[in-house]
Structure formats: C-alpha cells, structure tokens
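Source file model.cif; content: mmCIF, C-alpha atoms.
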data_model
#
loop_
_atom_site.group_PDB
_atom_site.id
_atom_site.type_symbol
_atom_site.label_atom_id
_atom_site.label_comp_id
_atom_site.auth_asym_id
_atom_site.auth_seq_id
_atom_site.Cartn_x
_atom_site.Cartn_y
_atom_site.Cartn_z
ATOM 1 C CA MET L 5 25.834 80.643 44.085
ATOM 2 C CA HIS L 6 28.977 81.570 45.986
ATOM 3 C CA CYS L 7 28.549 81.992 49.726
ATOM 4 C CA PHE L 8 31.010 83.712 52.103
ATOM 5 C CA SER L 9 30.247 83.292 55.780
ATOM 6 C CA PHE L 10 32.670 85.677 57.461
ATOM 7 C CA ASP L 11 33.802 87.020 60.811
ATOM 8 C CA ILE L 12 36.363 89.588 61.932
ATOM 9 C CA GLU L 13 38.452 90.045 65.070
ATOM 10 C CA THR L 14 39.611 93.463 66.206
ATOM 11 C CA ILE L 15 41.845 95.227 68.697
ATOM 12 C CA PRO L 16 42.052 98.903 69.725
ATOM 13 C CA ASP L 17 43.488 101.150 67.013
ATOM 14 C CA VAL L 18 46.225 102.456 69.263
ATOM 15 C CA ASP L 19 47.867 104.509 66.486
ATOM 16 C CA SER L 20 44.713 106.586 66.088
ATOM 17 C CA GLY L 21 44.284 106.632 69.860
ATOM 18 C CA ARG L 22 47.681 108.292 70.259
ATOM 19 C CA LEU L 23 46.710 110.971 67.732
ATOM 20 C CA LEU L 24 43.206 111.609 69.006
ATOM 21 C CA TYR L 25 43.927 111.590 72.740
ATOM 22 C CA ASP L 26 47.520 112.902 72.873
ATOM 23 C CA LEU L 27 48.939 109.638 74.211
ATOM 24 C CA ASP L 28 52.416 109.753 72.690
ATOM 25 C CA GLY L 29 55.073 107.924 74.667
ATOM 26 C CA LEU L 30 52.760 105.254 76.086
ATOM 27 C CA SER L 31 52.989 101.562 75.233
ATOM 28 C CA ASP L 32 50.304 99.893 73.135
ATOM 29 C CA ASP L 33 48.951 98.232 76.258
ATOM 30 C CA ASP L 34 48.701 101.550 78.112
ATOM 31 C CA VAL L 35 47.153 103.337 75.123
ATOM 32 C CA GLY L 36 44.531 100.613 74.785
ATOM 33 C CA THR L 37 43.779 100.821 78.500
ATOM 34 C CA ALA L 38 43.470 104.615 78.337
ATOM 35 C CA MET L 39 41.170 104.458 75.303
ATOM 36 C CA ARG L 40 38.846 101.995 76.975
ATOM 37 C CA PHE L 41 38.846 103.936 80.250
ATOM 38 C CA MET L 42 37.903 107.176 78.487
ATOM 39 C CA ARG L 43 35.166 105.345 76.602
ATOM 40 C CA LEU L 44 33.866 103.922 79.877
ATOM 41 C CA GLN L 45 33.718 107.394 81.383
ATOM 42 C CA GLN L 46 31.879 108.756 78.355
ATOM 43 C CA THR L 47 29.336 105.982 77.802
ATOM 44 C CA GLY L 48 29.347 103.568 80.734
ATOM 45 C CA SER L 49 30.871 100.869 78.511
ATOM 46 C CA ASP L 50 34.501 100.367 77.538
ATOM 47 C CA PHE L 51 33.540 99.026 74.091
ATOM 48 C CA LEU L 52 35.384 101.237 71.623
ATOM 49 C CA PRO L 53 33.598 103.011 68.739
ATOM 50 C CA LEU L 54 33.722 101.094 65.493
ATOM 51 C CA HIS L 55 36.118 103.446 63.711
ATOM 52 C CA LEU L 56 38.702 102.813 66.442
ATOM 53 C CA GLN L 57 38.638 99.026 65.988
ATOM 54 C CA ARG L 58 41.664 97.686 64.098
ATOM 55 C CA VAL L 59 41.097 94.464 62.162
ATOM 56 C CA VAL L 60 43.637 91.728 62.900
ATOM 57 C CA ALA L 61 41.811 88.712 61.454
ATOM 58 C CA ILE L 62 39.101 87.955 58.913
ATOM 59 C CA SER L 63 38.007 84.361 58.474
ATOM 60 C CA VAL L 64 35.802 83.032 55.707
ATOM 61 C CA ALA L 65 33.835 79.836 55.156
ATOM 62 C CA PHE L 66 33.484 79.654 51.373
ATOM 63 C CA ARG L 67 30.839 77.414 49.818
ATOM 64 C CA THR L 68 30.804 77.206 46.043
ATOM 65 C CA GLY L 69 30.057 74.469 43.505
ATOM 66 C CA ASP L 70 30.858 71.143 45.149
ATOM 67 C CA SER L 71 33.479 72.545 47.494
ATOM 68 C CA PHE L 72 33.772 74.056 50.953
ATOM 69 C CA LYS L 73 36.751 75.833 52.482
ATOM 70 C CA VAL L 74 37.481 77.682 55.715
ATOM 71 C CA TRP L 75 40.542 79.850 56.277
ATOM 72 C CA SER L 76 41.844 83.184 57.529
ATOM 73 C CA LEU L 77 42.739 85.790 54.935
ATOM 74 C CA GLY L 78 46.402 86.583 54.464
ATOM 75 C CA ASP L 79 49.232 85.012 56.422
ATOM 76 C CA ARG L 80 49.801 85.549 60.131
ATOM 77 C CA ASP L 81 52.017 88.586 59.472
ATOM 78 C CA ALA L 82 49.670 90.311 56.996
ATOM 79 C CA ASP L 83 48.833 93.881 57.906
ATOM 80 C CA GLU L 84 45.330 95.288 58.203
ATOM 81 C CA ALA L 85 45.239 96.775 54.705
ATOM 82 C CA GLU L 86 46.167 93.452 53.092
ATOM 83 C CA ILE L 87 43.595 91.484 55.079
ATOM 84 C CA ILE L 88 40.762 93.879 54.284
ATOM 85 C CA GLY L 89 41.890 94.196 50.685
ATOM 86 C CA ARG L 90 41.707 90.427 50.266
ATOM 87 C CA PHE L 91 38.167 90.386 51.655
ATOM 88 C CA PHE L 92 36.892 92.950 49.192
ATOM 89 C CA GLU L 93 38.847 91.311 46.347
ATOM 90 C CA GLY L 94 36.803 88.183 47.057
ATOM 91 C CA VAL L 95 33.580 90.191 46.866
ATOM 92 C CA GLU L 96 34.777 91.781 43.624
ATOM 93 C CA ARG L 97 35.647 88.432 42.065
ATOM 94 C CA TYR L 98 32.708 86.284 43.143
ATOM 95 C CA SER L 99 29.847 88.663 44.066
ATOM 96 C CA PRO L 100 29.038 86.160 46.815
ATOM 97 C CA GLU L 101 26.174 86.022 49.240
ATOM 98 C CA LEU L 102 27.705 87.342 52.463
ATOM 99 C CA VAL L 103 26.611 85.702 55.705
ATOM 100 C CA SER L 104 27.418 87.030 59.163
ATOM 101 C CA TRP L 105 26.318 87.192 62.763
ATOM 102 C CA ASN L 106 25.865 90.870 63.647
ATOM 103 C CA GLY L 107 27.699 91.858 60.478
ATOM 104 C CA SER L 108 25.405 94.827 59.934
ATOM 105 C CA GLY L 109 25.983 96.116 63.449
ATOM 106 C CA PHE L 110 29.695 95.456 63.759
ATOM 107 C CA ASP L 111 31.781 93.658 61.123
ATOM 108 C CA LEU L 112 30.764 95.589 58.025
ATOM 109 C CA PRO L 113 30.775 99.098 59.552
ATOM 110 C CA VAL L 114 34.250 98.363 60.946
ATOM 111 C CA LEU L 115 35.375 97.224 57.498
ATOM 112 C CA HIS L 116 33.895 100.378 55.962
ATOM 113 C CA TYR L 117 35.902 102.665 58.247
ATOM 114 C CA ARG L 118 39.109 100.678 57.930
ATOM 115 C CA ALA L 119 38.831 100.398 54.135
ATOM 116 C CA LEU L 120 38.304 104.169 54.076
ATOM 117 C CA LYS L 121 41.450 104.610 56.172
ATOM 118 C CA HIS L 122 43.552 102.449 53.861
ATOM 119 C CA GLY L 123 42.106 103.667 50.545
ATOM 120 C CA ILE L 124 40.761 100.233 49.581
ATOM 121 C CA GLN L 125 38.459 100.173 46.570
ATOM 122 C CA ALA L 126 35.403 97.902 46.586
ATOM 123 C CA PRO L 127 33.096 98.952 43.727
ATOM 124 C CA ARG L 128 31.156 95.687 43.613
ATOM 125 C CA TYR L 129 30.419 95.854 47.309
ATOM 126 C CA TRP L 130 29.161 99.447 47.074
ATOM 127 C CA GLU L 131 27.089 98.835 43.929
ATOM 128 C CA THR L 132 23.417 99.741 44.356
ATOM 129 C CA GLY L 133 22.210 99.577 40.768
ATOM 130 C CA ASP L 134 23.839 102.577 39.114
ATOM 131 C CA HIS L 135 26.162 100.366 37.036
ATOM 132 C CA ASP L 136 24.533 96.943 37.426
ATOM 133 C CA ARG L 137 20.741 96.867 37.499
ATOM 134 C CA GLU L 138 20.762 93.464 39.254
ATOM 135 C CA PHE L 139 21.960 95.273 42.374
ATOM 136 C CA ARG L 140 19.141 97.806 42.434
ATOM 137 C CA TYR L 141 16.793 95.610 44.438
ATOM 138 C CA ASN L 142 19.335 93.221 45.945
ATOM 139 C CA ASN L 143 22.634 94.662 47.148
ATOM 140 C CA TYR L 144 25.031 94.429 50.093
ATOM 141 C CA LEU L 145 24.044 97.712 51.715
ATOM 142 C CA SER L 146 20.267 97.570 52.115
ATOM 143 C CA ARG L 147 19.126 95.994 55.347
ATOM 144 C CA PHE L 148 16.278 93.948 53.912
ATOM 145 C CA HIS L 149 18.111 92.580 50.867
ATOM 146 C CA TRP L 150 19.709 89.144 50.572
ATOM 147 C CA ARG L 151 23.230 89.696 49.243
ATOM 148 C CA HIS L 152 24.226 90.124 52.867
ATOM 149 C CA ILE L 153 22.362 88.027 55.439
ATOM 150 C CA ASP L 154 23.018 89.159 58.985
ATOM 151 C CA LEU L 155 21.619 86.086 60.711
ATOM 152 C CA MET L 156 21.341 87.796 64.084
ATOM 153 C CA ASP L 157 19.341 90.667 62.630
ATOM 154 C CA VAL L 158 17.126 88.512 60.403
ATOM 155 C CA LEU L 159 16.320 85.904 63.054
ATOM 156 C CA ALA L 160 15.469 88.677 65.528
ATOM 157 C CA GLY L 161 12.911 90.030 63.071
ATOM 158 C CA PHE L 162 15.056 93.179 62.827
ATOM 159 C CA GLN L 163 14.106 93.979 66.435
ATOM 160 C CA PRO L 164 16.885 94.771 68.955
ATOM 161 C CA ARG L 165 15.035 93.048 71.786
ATOM 162 C CA GLY L 166 14.997 89.798 69.791
ATOM 163 C CA ARG L 167 18.758 89.536 69.343
ATOM 164 C CA ALA L 168 20.736 86.563 70.621
ATOM 165 C CA SER L 169 24.414 85.663 70.799
ATOM 166 C CA LEU L 170 26.009 83.336 68.274
ATOM 167 C CA GLU L 171 27.321 81.269 71.176
ATOM 168 C CA GLN L 172 23.883 80.552 72.582
ATOM 169 C CA ILE L 173 22.208 79.875 69.251
ATOM 170 C CA ALA L 174 25.027 77.589 68.093
ATOM 171 C CA VAL L 175 24.939 75.557 71.300
ATOM 172 C CA MET L 176 21.130 75.449 71.223
ATOM 173 C CA LEU L 177 21.340 73.878 67.758
ATOM 174 C CA GLY L 178 23.942 71.305 68.779
ATOM 175 C CA PHE L 179 27.003 73.063 67.347
ATOM 176 C CA PRO L 180 30.200 73.628 69.348
ATOM 177 C CA GLY L 181 29.945 77.353 70.074
ATOM 178 C CA LYS L 182 33.034 78.998 71.528
ATOM 179 C CA LEU L 183 35.857 76.711 72.656
ATOM 180 C CA GLY L 184 37.605 78.593 75.449
ATOM 181 C CA MET L 185 38.111 81.864 73.591
ATOM 182 C CA SER L 186 35.907 84.942 73.253
ATOM 183 C CA GLY L 187 36.059 88.399 71.722
ATOM 184 C CA ASP L 188 36.859 90.130 75.002
ATOM 185 C CA LYS L 189 40.100 88.099 75.258
ATOM 186 C CA VAL L 190 41.435 89.053 71.830
ATOM 187 C CA TRP L 191 43.309 92.198 72.930
ATOM 188 C CA ASP L 192 45.201 90.438 75.720
ATOM 189 C CA CYS L 193 45.902 87.528 73.386
ATOM 190 C CA TRP L 194 47.286 89.962 70.795
ATOM 191 C CA LEU L 195 49.557 91.625 73.344
ATOM 192 C CA ASP L 196 50.901 88.179 74.228
ATOM 193 C CA GLY L 197 51.736 87.476 70.578
ATOM 194 C CA GLY L 198 48.816 85.117 70.097
ATOM 195 C CA ILE L 199 47.810 85.971 66.530
ATOM 196 C CA ASP L 200 47.585 82.272 65.649
ATOM 197 C CA ASP L 201 45.118 81.705 68.496
ATOM 198 C CA ILE L 202 43.083 84.710 67.322
ATOM 199 C CA ARG L 203 42.928 83.425 63.745
ATOM 200 C CA ASN L 204 41.975 79.952 64.953
ATOM 201 C CA TYR L 205 39.216 81.388 67.123
ATOM 202 C CA CYS L 206 37.918 83.452 64.217
ATOM 203 C CA GLU L 207 37.780 80.329 62.034
ATOM 204 C CA THR L 208 35.730 78.391 64.581
ATOM 205 C CA ASP L 209 33.373 81.346 64.954
ATOM 206 C CA VAL L 210 32.823 81.439 61.213
ATOM 207 C CA LEU L 211 32.175 77.689 61.195
ATOM 208 C CA ASN L 212 29.474 78.188 63.820
ATOM 209 C CA THR L 213 28.011 80.971 61.672
ATOM 210 C CA HIS L 214 27.991 78.785 58.565
ATOM 211 C CA LEU L 215 26.313 75.896 60.371
ATOM 212 C CA VAL L 216 23.598 78.184 61.755
ATOM 213 C CA TYR L 217 23.150 79.518 58.219
ATOM 214 C CA LEU L 218 22.566 75.982 56.926
ATOM 215 C CA ARG L 219 19.807 75.503 59.478
ATOM 216 C CA PHE L 220 18.369 78.843 58.425
ATOM 217 C CA GLN L 221 18.369 77.650 54.816
ATOM 218 C CA LEU L 222 16.417 74.576 55.906
ATOM 219 C CA MET L 223 13.873 76.817 57.612
ATOM 220 C CA ARG L 224 13.598 78.979 54.486
ATOM 221 C CA GLY L 225 12.995 75.916 52.328
ATOM 222 C CA GLU L 226 16.226 76.422 50.404
ATOM 223 C CA LEU L 227 17.465 73.040 51.705
ATOM 224 C CA ASP L 228 15.605 69.850 52.551
ATOM 225 C CA GLU L 229 16.740 67.406 55.235
ATOM 226 C CA LYS L 230 18.785 65.272 52.822
ATOM 227 C CA ARG L 231 20.592 68.248 51.342
ATOM 228 C CA LEU L 232 21.212 69.645 54.816
ATOM 229 C CA ASP L 233 22.826 66.364 55.861
ATOM 230 C CA ARG L 234 25.006 66.466 52.755
ATOM 231 C CA GLU L 235 26.071 70.018 53.594
ATOM 232 C CA TYR L 236 26.952 68.968 57.139
ATOM 233 C CA GLU L 237 28.963 66.043 55.811
ATOM 234 C CA LEU L 238 30.857 68.304 53.417
ATOM 235 C CA VAL L 239 31.844 70.564 56.317
ATOM 236 C CA ARG L 240 32.898 67.572 58.433
ATOM 237 C CA THR L 241 35.007 65.902 55.764
ATOM 238 C CA THR L 242 36.608 69.195 54.755
ATOM 239 C CA ILE L 243 37.752 70.210 58.225
ATOM 240 C CA GLU L 244 38.803 66.655 59.061
ATOM 241 C CA ALA L 245 41.042 66.583 55.974
ATOM 242 C CA MET L 246 42.681 69.874 56.940
ATOM 243 C CA GLY L 247 44.314 68.281 59.978
ATOM 244 C CA GLU L 248 44.372 71.466 62.058
ATOM 245 C CA SER L 249 44.191 70.971 65.821
ATOM 246 C CA HIS L 250 41.633 73.728 66.453
ATOM 247 C CA LEU L 251 39.405 72.342 63.705
ATOM 248 C CA ASP L 252 39.801 68.815 65.067
ATOM 249 C CA GLU L 253 38.682 70.138 68.453
ATOM 250 C CA PHE L 254 35.699 71.811 66.805
ATOM 251 C CA LEU L 255 34.753 68.608 64.996
ATOM 252 C CA LYS L 256 35.075 66.542 68.163
ATOM 253 C CA ALA L 257 32.853 68.968 70.084
ATOM 254 C CA TRP L 258 30.308 68.944 67.240
ATOM 255 C CA GLN L 259 30.167 65.154 67.182
ATOM 256 C CA ALA L 260 29.806 65.070 70.973
ATOM 257 C CA GLY L 261 26.912 67.522 70.751
#

Could you quickly redo this structure as structure tokens?
Amino acid sequence: MHCFSFDIETIPDVDSGRLLYDLDGLSDDDVGTAMRFMRLQQTGSDFLPLHLQRVVAISVAFRTGDSFKVWSLGDRDADEAEIIGRFFEGVERYSPELVSWNGSGFDLPVLHYRALKHGIQAPRYWETGDHDREFRYNNYLSRFHWRHIDLMDVLAGFQPRGRASLEQIAVMLGFPGKLGMSGDKVWDCWLDGGIDDIRNYCETDVLNTHLVYLRFQLMRGELDEKRLDREYELVRTTIEAMGESHLDEFLKAWQAG
C-alpha cells in the first residue's frame, strides 16, 4: 500500500482579488489586506473563502514498500499549477491512501478549486466506480471511505464539536507539533520572500500528521507495538540522513518529547 500524508500552505489569491473587488493598482500586500478586511466585514472572520486561497506549498510524507520520504513538491520557484499538477500526478501513478488533518474541510476543497482554475486533470482522484469498480465503495471523495483519511474528522467521530488541532494532538502524543511557525504567519512570510521557511514548515506539519496517523493505525489494529516502533525508527533514520536543519530540529524536539 502506498500512503501519502500531505499538507498544503496557502496565501490570498491576490490576482483574483483584483478582478473580483476592483483593486487594480494596489500592491499584493494591500490587496491581501483589503480582501481580508472585506471578509471580516462580511462574516466576522478574515479567513478567506477556499476558492480565494492560492497554494504555495504542498508537502508529502510518502510511505511505500520499505521506504519513507518527506519533501515539498516542485522546486522553490515552481508555480501553483506545477505544484498541484505534481500532487495529482502522484495520485494518478500510485493510487495512494491519502492522509490529512482537516483535508476534507480545507486542503482538498482548495485543491479542487485551484485545479479547476488551472485545468489540471485528475481522473484517478475523481473516480467513483464508473471506470474502476474498486472505487465504487472506496474512493477519495466519499466522507466515510478510506482512500482519504482525514484524521481530524475521523477522530472527532465526524462531529464538529469533537475536532482538535493538529498542534495539540501531536504534542499530546509526544510529537514536536509546530516549531515557531503557524498558518497565520504564512502570508507575511511570503511577502518577506520566505518561501523556503514556508516549505520547511509544511514538511514538519506533514511529519506530525504522519506520526499521528501511525498511532491511529495502532489503535485500528493495523500495526502492533513492534511494527509501530519500526515505523518510528524508519522516520527517524530517514530524516536524520537528509541532513536538513528544520528536520534536525524536528527530530531533536521529538527525542526530547
């Protein structure tokens, strides 16, 4: 079984904001501020609607065979269409089990809208059994199927009042959680040219997601304690061998926990 734990990071889609709200002539910073202010006036929250979220990073923790890998799709200069295209190419190639934290409520709907914008094809992802009968009762789109496991939704018993943050659950389980960065800082970081910091943050978030998933697999009976320990060790040795400072920091915080 191939498993993709994934996470996305987004910023305001200022190009669409200029078109929708007649904001020509303003800087990206000012357009983003105006978009959030109008949203705050409309709803009481400045969180932008999902179709106006532009994807700037997608990170994946890929578990397959005897190997584990974590990385951000595309290079640091890749545009949104390339990043999203690479994600759905992975789904097309591997038909993996997708694992997320709030992927049903945020990541996947954002990817739907942005793939629609860029004309990205993803037939395997959208398959529901018309062309492959194996997808009729287990596909990526149905909430109670297992090709996509939204850990937040599943662990909450599909009840909004039961939802928790990845940060709190990760820390509760002895994993690092967030290391000085959070989603609400991504826009400012982007404006400061910090795409590398955003990608690094996304990778540590997806590591937290994968580790919570492993504990979930233990609870489901898909792993026993010995296999869980082996999975942990594979993650540790993999990120240690990568020699990346943000991953070293993650590993150090995990060991300290």

*Counting all atoms listed in the file, what is within 12 Å of L:Ile173, bar same-chain residues fewer than 2 positions away, as a PyMOL selection string?*
chain L and resi 105+155-156+159-160+167-171+175-182+212-213+215-217+219-220

*Name the closest residue to L:Glu237 among the candidates L:Met223, L:Trp75, L:Trp258, L:Val35; distances are taken between atoms, counting only C-alpha atoms.*
L:Trp258

*Can you list what the PyMOL selection byres ((chain L and resi 55) around 7) grabs from this structure, as a PyMOL selection string?*
chain L and resi 53-54+56-57+114+117

*Could you jot down the atom CA of L:Asp70 to atom CA of L:Glu93 separation for me, Å, one decimal place?*
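According to the coordinates, atom CA of L:Asp70 and atom CA of L:Glu93 are separated by 21.7 Å.
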
*Spell out the residues picked by the PyMOL selection byres ((chain L and resi 63) around 12) here, as number ranges by chain.*
L: 8-13, 59-62, 64-66, 73-80, 87-88, 90-91, 103-104, 111, 202-214

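Note that atom CA of L:Ser186 and atom CA of L:His149 are 29.6 Å apart.
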
*Care to translate the PyMOL selection byres ((chain L and resi 22) around 12) into actual residues of this file, as a VMD selection string?*
chain L and resid 16 to 21 23 to 39 56

Any chance you can output those residues with C-alpha atoms as a tab-separated table (two decimals), keeping the file's coordinate frame?
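Generated file (result33.tsv):
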chain	number	residue	atom	x	y	z
L	16	PRO	CA	42.05	98.90	69.72
L	17	ASP	CA	43.49	101.15	67.01
L	18	VAL	CA	46.22	102.46	69.26
L	19	ASP	CA	47.87	104.51	66.49
L	20	SER	CA	44.71	106.59	66.09
L	21	GLY	CA	44.28	106.63	69.86
L	23	LEU	CA	46.71	110.97	67.73
L	24	LEU	CA	43.21	111.61	69.01
L	25	TYR	CA	43.93	111.59	72.74
L	26	ASP	CA	47.52	112.90	72.87
L	27	LEU	CA	48.94	109.64	74.21
L	28	ASP	CA	52.42	109.75	72.69
L	29	GLY	CA	55.07	107.92	74.67
L	30	LEU	CA	52.76	105.25	76.09
L	31	SER	CA	52.99	101.56	75.23
L	32	ASP	CA	50.30	99.89	73.14
L	33	ASP	CA	48.95	98.23	76.26
L	34	ASP	CA	48.70	101.55	78.11
L	35	VAL	CA	47.15	103.34	75.12
L	36	GLY	CA	44.53	100.61	74.78
L	37	THR	CA	43.78	100.82	78.50
L	38	ALA	CA	43.47	104.62	78.34
L	39	MET	CA	41.17	104.46	75.30
L	56	LEU	CA	38.70	102.81	66.44

*Test item: residues at most 9 Å from L:Trp150, only C-alpha atoms, excluding those fewer than 5 positions along its chain, as number ranges by chain*: L: 101-102, 142-144

*Between atom CA of L:Val95 and atom CA of L:His152, measure the distance and give it in Å to one decimal.*
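Computed distance, atom CA of L:Val95 to atom CA of L:His152, equals 11.1 Å.
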
*asked:* Let me make sure I understand: among L:Gln163, L:Glu138, L:Arg128, L:Lys121, which one has the smallest atom-to-atom distance to L:Tyr98 if we use all atoms listed in the file?
replied: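 Closest to L:Tyr98 of all the choices is L:Arg128.
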
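With all atoms listed in the file as the atoms that count, the residue of L:Arg240, L:Arg58, L:Arg234, L:Arg224 with the shortest distance to L:Ala119 is L:Arg58.
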
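Each of L:Glu226, L:Asp200, L:Asp188, L:Asp136 was compared to L:Leu52 using all atoms listed in the file, and L:Asp188 turns out to be the nearest.
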
*Taking into account only C-alpha atoms, which residue in the set L:Asp154, L:Leu238, L:Phe254, L:Leu115 is nearest to L:Gly184?*
L:Phe254

N, CA, C and O atoms of stretch 144-168 of chain L, written as a PDB file, in the first residue's frame:
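part-v7.pdb, freshly written:
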ATOM      1  N   TYR L 144     -11.834   8.524  -3.105  1.00  0.00           N
ATOM      2  CA  TYR L 144     -11.267   9.693  -2.425  1.00  0.00           C
ATOM      3  C   TYR L 144     -12.317  10.715  -2.018  1.00  0.00           C
ATOM      4  O   TYR L 144     -12.049  11.571  -1.168  1.00  0.00           O
ATOM      5  N   LEU L 145     -13.505  10.646  -2.594  1.00  0.00           N
ATOM      6  CA  LEU L 145     -14.476  11.716  -2.442  1.00  0.00           C
ATOM      7  C   LEU L 145     -15.494  11.485  -1.338  1.00  0.00           C
ATOM      8  O   LEU L 145     -16.007  12.446  -0.755  1.00  0.00           O
ATOM      9  N   SER L 146     -15.799  10.232  -1.043  1.00  0.00           N
ATOM     10  CA  SER L 146     -16.834   9.930  -0.057  1.00  0.00           C
ATOM     11  C   SER L 146     -16.271  10.047   1.357  1.00  0.00           C
ATOM     12  O   SER L 146     -15.189   9.525   1.643  1.00  0.00           O
ATOM     13  N   ARG L 147     -17.020  10.690   2.208  1.00  0.00           N
ATOM     14  CA  ARG L 147     -16.522  11.047   3.532  1.00  0.00           C
ATOM     15  C   ARG L 147     -16.167   9.840   4.390  1.00  0.00           C
ATOM     16  O   ARG L 147     -15.237   9.873   5.175  1.00  0.00           O
ATOM     17  N   PHE L 148     -16.922   8.760   4.249  1.00  0.00           N
ATOM     18  CA  PHE L 148     -16.749   7.620   5.131  1.00  0.00           C
ATOM     19  C   PHE L 148     -15.946   6.486   4.494  1.00  0.00           C
ATOM     20  O   PHE L 148     -15.949   5.370   4.998  1.00  0.00           O
ATOM     21  N   HIS L 149     -15.258   6.771   3.399  1.00  0.00           N
ATOM     22  CA  HIS L 149     -14.384   5.793   2.770  1.00  0.00           C
ATOM     23  C   HIS L 149     -12.950   5.975   3.269  1.00  0.00           C
ATOM     24  O   HIS L 149     -12.650   6.926   3.988  1.00  0.00           O
ATOM     25  N   TRP L 150     -12.054   5.053   2.848  1.00  0.00           N
ATOM     26  CA  TRP L 150     -10.724   5.012   3.429  1.00  0.00           C
ATOM     27  C   TRP L 150      -9.603   5.368   2.472  1.00  0.00           C
ATOM     28  O   TRP L 150      -8.434   5.341   2.866  1.00  0.00           O
ATOM     29  N   ARG L 151      -9.895   5.714   1.238  1.00  0.00           N
ATOM     30  CA  ARG L 151      -8.800   6.147   0.350  1.00  0.00           C
ATOM     31  C   ARG L 151      -8.271   7.516   0.765  1.00  0.00           C
ATOM     32  O   ARG L 151      -7.120   7.844   0.478  1.00  0.00           O
ATOM     33  N   HIS L 152      -9.116   8.310   1.390  1.00  0.00           N
ATOM     34  CA  HIS L 152      -8.643   9.525   2.042  1.00  0.00           C
ATOM     35  C   HIS L 152      -9.072   9.480   3.499  1.00  0.00           C
ATOM     36  O   HIS L 152     -10.268   9.386   3.797  1.00  0.00           O
ATOM     37  N   ILE L 153      -8.097   9.536   4.404  1.00  0.00           N
ATOM     38  CA  ILE L 153      -8.374   9.554   5.839  1.00  0.00           C
ATOM     39  C   ILE L 153      -8.072  10.949   6.356  1.00  0.00           C
ATOM     40  O   ILE L 153      -6.905  11.354   6.449  1.00  0.00           O
ATOM     41  N   ASP L 154      -9.118  11.695   6.637  1.00  0.00           N
ATOM     42  CA  ASP L 154      -8.967  12.985   7.310  1.00  0.00           C
ATOM     43  C   ASP L 154      -8.948  12.686   8.807  1.00  0.00           C
ATOM     44  O   ASP L 154      -9.984  12.474   9.428  1.00  0.00           O
ATOM     45  N   LEU L 155      -7.767  12.655   9.376  1.00  0.00           N
ATOM     46  CA  LEU L 155      -7.617  12.237  10.773  1.00  0.00           C
ATOM     47  C   LEU L 155      -8.426  13.109  11.722  1.00  0.00           C
ATOM     48  O   LEU L 155      -9.009  12.603  12.689  1.00  0.00           O
ATOM     49  N   MET L 156      -8.485  14.406  11.462  1.00  0.00           N
ATOM     50  CA  MET L 156      -9.248  15.279  12.343  1.00  0.00           C
ATOM     51  C   MET L 156     -10.719  14.900  12.334  1.00  0.00           C
ATOM     52  O   MET L 156     -11.364  14.807  13.383  1.00  0.00           O
ATOM     53  N   ASP L 157     -11.245  14.653  11.152  1.00  0.00           N
ATOM     54  CA  ASP L 157     -12.661  14.324  11.004  1.00  0.00           C
ATOM     55  C   ASP L 157     -12.972  12.947  11.599  1.00  0.00           C
ATOM     56  O   ASP L 157     -13.952  12.772  12.324  1.00  0.00           O
ATOM     57  N   VAL L 158     -12.130  11.964  11.302  1.00  0.00           N
ATOM     58  CA  VAL L 158     -12.360  10.606  11.780  1.00  0.00           C
ATOM     59  C   VAL L 158     -12.269  10.537  13.301  1.00  0.00           C
ATOM     60  O   VAL L 158     -13.135   9.960  13.974  1.00  0.00           O
ATOM     61  N   LEU L 159     -11.217  11.124  13.867  1.00  0.00           N
ATOM     62  CA  LEU L 159     -11.019  11.049  15.314  1.00  0.00           C
ATOM     63  C   LEU L 159     -12.103  11.812  16.070  1.00  0.00           C
ATOM     64  O   LEU L 159     -12.406  11.481  17.220  1.00  0.00           O
ATOM     65  N   ALA L 160     -12.690  12.815  15.433  1.00  0.00           N
ATOM     66  CA  ALA L 160     -13.790  13.561  16.053  1.00  0.00           C
ATOM     67  C   ALA L 160     -15.123  12.842  15.920  1.00  0.00           C
ATOM     68  O   ALA L 160     -16.149  13.367  16.357  1.00  0.00           O
ATOM     69  N   GLY L 161     -15.114  11.646  15.327  1.00  0.00           N
ATOM     70  CA  GLY L 161     -16.366  10.942  15.100  1.00  0.00           C
ATOM     71  C   GLY L 161     -17.258  11.664  14.122  1.00  0.00           C
ATOM     72  O   GLY L 161     -18.482  11.549  14.180  1.00  0.00           O
ATOM     73  N   PHE L 162     -16.641  12.443  13.217  1.00  0.00           N
ATOM     74  CA  PHE L 162     -17.358  13.212  12.195  1.00  0.00           C
ATOM     75  C   PHE L 162     -18.293  14.251  12.828  1.00  0.00           C
ATOM     76  O   PHE L 162     -19.281  14.645  12.213  1.00  0.00           O
ATOM     77  N   GLN L 163     -17.942  14.702  14.027  1.00  0.00           N
ATOM     78  CA  GLN L 163     -18.743  15.691  14.744  1.00  0.00           C
ATOM     79  C   GLN L 163     -17.928  16.979  14.911  1.00  0.00           C
ATOM     80  O   GLN L 163     -16.831  16.940  15.469  1.00  0.00           O
ATOM     81  N   PRO L 164     -18.419  18.117  14.433  1.00  0.00           N
ATOM     82  CA  PRO L 164     -17.657  19.363  14.544  1.00  0.00           C
ATOM     83  C   PRO L 164     -17.211  19.686  15.964  1.00  0.00           C
ATOM     84  O   PRO L 164     -16.106  20.184  16.178  1.00  0.00           O
ATOM     85  N   ARG L 165     -18.036  19.393  16.948  1.00  0.00           N
ATOM     86  CA  ARG L 165     -17.674  19.744  18.320  1.00  0.00           C
ATOM     87  C   ARG L 165     -16.541  18.881  18.862  1.00  0.00           C
ATOM     88  O   ARG L 165     -15.971  19.203  19.913  1.00  0.00           O
ATOM     89  N   GLY L 166     -16.212  17.785  18.172  1.00  0.00           N
ATOM     90  CA  GLY L 166     -15.139  16.911  18.624  1.00  0.00           C
ATOM     91  C   GLY L 166     -13.791  17.217  18.009  1.00  0.00           C
ATOM     92  O   GLY L 166     -12.799  16.567  18.336  1.00  0.00           O
ATOM     93  N   ARG L 167     -13.722  18.214  17.140  1.00  0.00           N
ATOM     94  CA  ARG L 167     -12.481  18.487  16.418  1.00  0.00           C
ATOM     95  C   ARG L 167     -11.397  19.070  17.313  1.00  0.00           C
ATOM     96  O   ARG L 167     -11.678  19.782  18.268  1.00  0.00           O
ATOM     97  N   ALA L 168     -10.163  18.753  16.971  1.00  0.00           N
ATOM     98  CA  ALA L 168      -8.997  19.259  17.702  1.00  0.00           C
ATOM     99  C   ALA L 168      -7.961  19.732  16.694  1.00  0.00           C
ATOM    100  O   ALA L 168      -8.023  19.387  15.512  1.00  0.00           O
TER     101      ALA L 168
END
